[in-house]
Amino acid sequence: MRYSLLLHNREPGEGELDPEVITAMQEAFGAYGRALHSAGVLVAGEVLQFSHATTTVTQREGTLQVQDGPFAETKEALAGIFVIDVPDLDAALAWAEKCPGASYGTVEVRPAATSLIDGAWT
């Protein structure tokens, strides 16, 4: 079954993080991604740009609306996504526990209802 590990955290301000901290987190996430890949469970992984780079699109009330920034103002922002394919929720939770992002933010574990594979929904 596929699960998305949705990483949420407070976005640091410009210059708020020391370069050593950034390097350490990049190395930790690199090791985590390699572990997911080696275990054969990694479907995809994305680190997202900060929310200021977001564009939101909606067609509410039949009118296209495009606006800068995230739709909702929150203290934490979606920072990244890993999609994994594991046997069950317990396995997904075990991988979420190992995610470096859990040490400073939250990892939301959400099962997929359907998956788009090769252009078809399964």
# chains A, B, ... in the order shown; residues from 1 in each chain; ligands from 1
call {"tool": "residues_around", "arguments": {"residues": "segment 35-42 of chain A", "least_positions_apart": "5", "cutoff": "8 Å", "atoms": "only C-alpha atoms", "output": "list of chain:residue names"}}
result
A:Phe82, A:Val83, A:Ile84, A:Asp85, A:Val86
call {"tool": "residues_around", "arguments": {"residues": "Pro100 of chain A", "least_positions_apart": "6", "cutoff": "8 Å", "atoms": "only C-alpha atoms", "output": "PyMOL selection string"}}
result
chain A and resi 25+28-29+32
call {"tool": "select_by_dssp", "arguments": {"residues": "chain A", "states": "strand (DSSP E or B)", "output": "number ranges by chain"}}
result
A: 2-9, 42-47, 55-58, 65-68, 77-85, 106-111, 116-117, 120-121
call {"tool": "select_by_dssp", "arguments": {"residues": "chain A", "states": "alpha helix (DSSP H)", "output": "PyMOL selection string"}}
result
chain A and resi 19-38+89-98
call {"tool": "closest_residue", "arguments": {"among": "A:Pro87, A:Gln26, A:Ala79, A:Glu108", "to": "Gln49 of chain A", "atoms": "only C-alpha atoms"}}
result
A:Ala79
call {"tool": "residues_around", "arguments": {"residues": "Asp68 of chain A", "least_positions_apart": "4", "cutoff": "8 Å", "atoms": "only C-alpha atoms", "output": "list in words"}}
result
His52, Ala53, Thr54, Thr55 and Thr56 of chain A
call {"tool": "write_last_selection", "arguments": {"atoms": "all heavy atoms", "output": "compact mmCIF listing (two decimals), in the first residue's frame"}}
result
# COMPACT_ATOMS: atom_id res chain seq x y z
N HIS A 52 6.76 30.96 0.15
CA HIS A 52 6.70 32.21 -0.61
C HIS A 52 6.79 31.96 -2.12
O HIS A 52 6.40 32.80 -2.92
CB HIS A 52 7.77 33.21 -0.15
CG HIS A 52 9.17 32.77 -0.42
ND1 HIS A 52 9.75 32.81 -1.67
CD2 HIS A 52 10.11 32.27 0.41
CE1 HIS A 52 10.98 32.35 -1.60
NE2 HIS A 52 11.23 32.01 -0.34
N ALA A 53 7.27 30.78 -2.52
CA ALA A 53 7.36 30.43 -3.94
C ALA A 53 6.08 29.77 -4.45
O ALA A 53 5.97 29.42 -5.61
CB ALA A 53 8.55 29.51 -4.18
N THR A 54 5.09 29.61 -3.56
CA THR A 54 3.85 28.93 -3.88
C THR A 54 2.93 29.80 -4.72
O THR A 54 2.84 31.00 -4.51
CB THR A 54 3.11 28.54 -2.58
OG1 THR A 54 3.96 27.69 -1.82
CG2 THR A 54 1.80 27.85 -2.85
N THR A 55 2.23 29.17 -5.63
CA THR A 55 1.12 29.78 -6.36
C THR A 55 -0.08 28.89 -6.16
O THR A 55 0.01 27.67 -6.33
CB THR A 55 1.44 29.92 -7.86
OG1 THR A 55 2.65 30.67 -8.01
CG2 THR A 55 0.31 30.60 -8.60
N THR A 56 -1.20 29.47 -5.77
CA THR A 56 -2.41 28.71 -5.51
C THR A 56 -3.42 28.96 -6.63
O THR A 56 -3.64 30.10 -7.03
CB THR A 56 -3.02 29.14 -4.15
OG1 THR A 56 -2.02 28.98 -3.15
CG2 THR A 56 -4.22 28.31 -3.80
call {"tool": "closest_residue", "arguments": {"among": "A:Ile22, A:Val66, A:Leu93, A:Val57", "to": "Arg110 of chain A", "atoms": "only C-alpha atoms"}}
result
A:Leu93
call {"tool": "closest_residue", "arguments": {"among": "A:Gly62, A:Gly69, A:Pro12, A:Gly80", "to": "Gly101 of chain A", "atoms": "only C-alpha atoms"}}
result
A:Gly80
call {"tool": "atom_distance", "arguments": {"atom1": "atom CA of Glu16 of chain A", "atom2": "atom CA of Leu48 of chain A"}}
result
18.2 Å
call {"tool": "closest_residue", "arguments": {"among": "A:Val47, A:Leu5, A:Ile117, A:Ala24", "to": "Ala94 of chain A", "atoms": "only C-alpha atoms"}}
result
A:Leu5
call {"tool": "closest_residue", "arguments": {"among": "A:Gly33, A:Gly119, A:Gly15, A:Gly45", "to": "Ile81 of chain A", "atoms": "only C-alpha atoms"}}
result
A:Gly45
call {"tool": "closest_residue", "arguments": {"among": "A:Ala96, A:Gly30, A:Leu7, A:Arg2", "to": "Thr114 of chain A", "atoms": "only C-alpha atoms"}}
result
A:Arg2
call {"tool": "atom_distance", "arguments": {"atom1": "atom CA of His8 of chain A", "atom2": "atom CA of Ser103 of chain A"}}
result
11.1 Å
call {"tool": "atom_distance", "arguments": {"atom1": "atom CA of Arg34 of chain A", "atom2": "atom CA of Ser4 of chain A"}}
result
17.0 Å
call {"tool": "residues_around", "arguments": {"residues": "Gly13 of chain A", "least_positions_apart": "4", "cutoff": "12 Å", "atoms": "only C-alpha atoms", "output": "CSV table (one decimal) with N, CA and C atoms, in the first residue's frame"}}
result
chain,number,residue,atom,x,y,z
A,17,LEU,N,19.5,29.7,10.0
A,17,LEU,CA,20.2,28.5,10.2
A,17,LEU,C,21.6,28.6,9.9
A,18,ASP,N,22.5,28.1,10.7
A,18,ASP,CA,23.9,28.0,10.4
A,18,ASP,C,24.1,27.1,9.2
A,50,PHE,N,10.3,27.1,-0.2
A,50,PHE,CA,9.5,27.7,0.8
A,50,PHE,C,8.2,28.2,0.3
A,51,SER,N,7.3,28.4,1.2
A,51,SER,CA,5.9,28.7,0.8
A,51,SER,C,5.8,30.1,0.0
A,52,HIS,N,6.8,31.0,0.1
A,52,HIS,CA,6.7,32.2,-0.6
A,52,HIS,C,6.8,32.0,-2.1
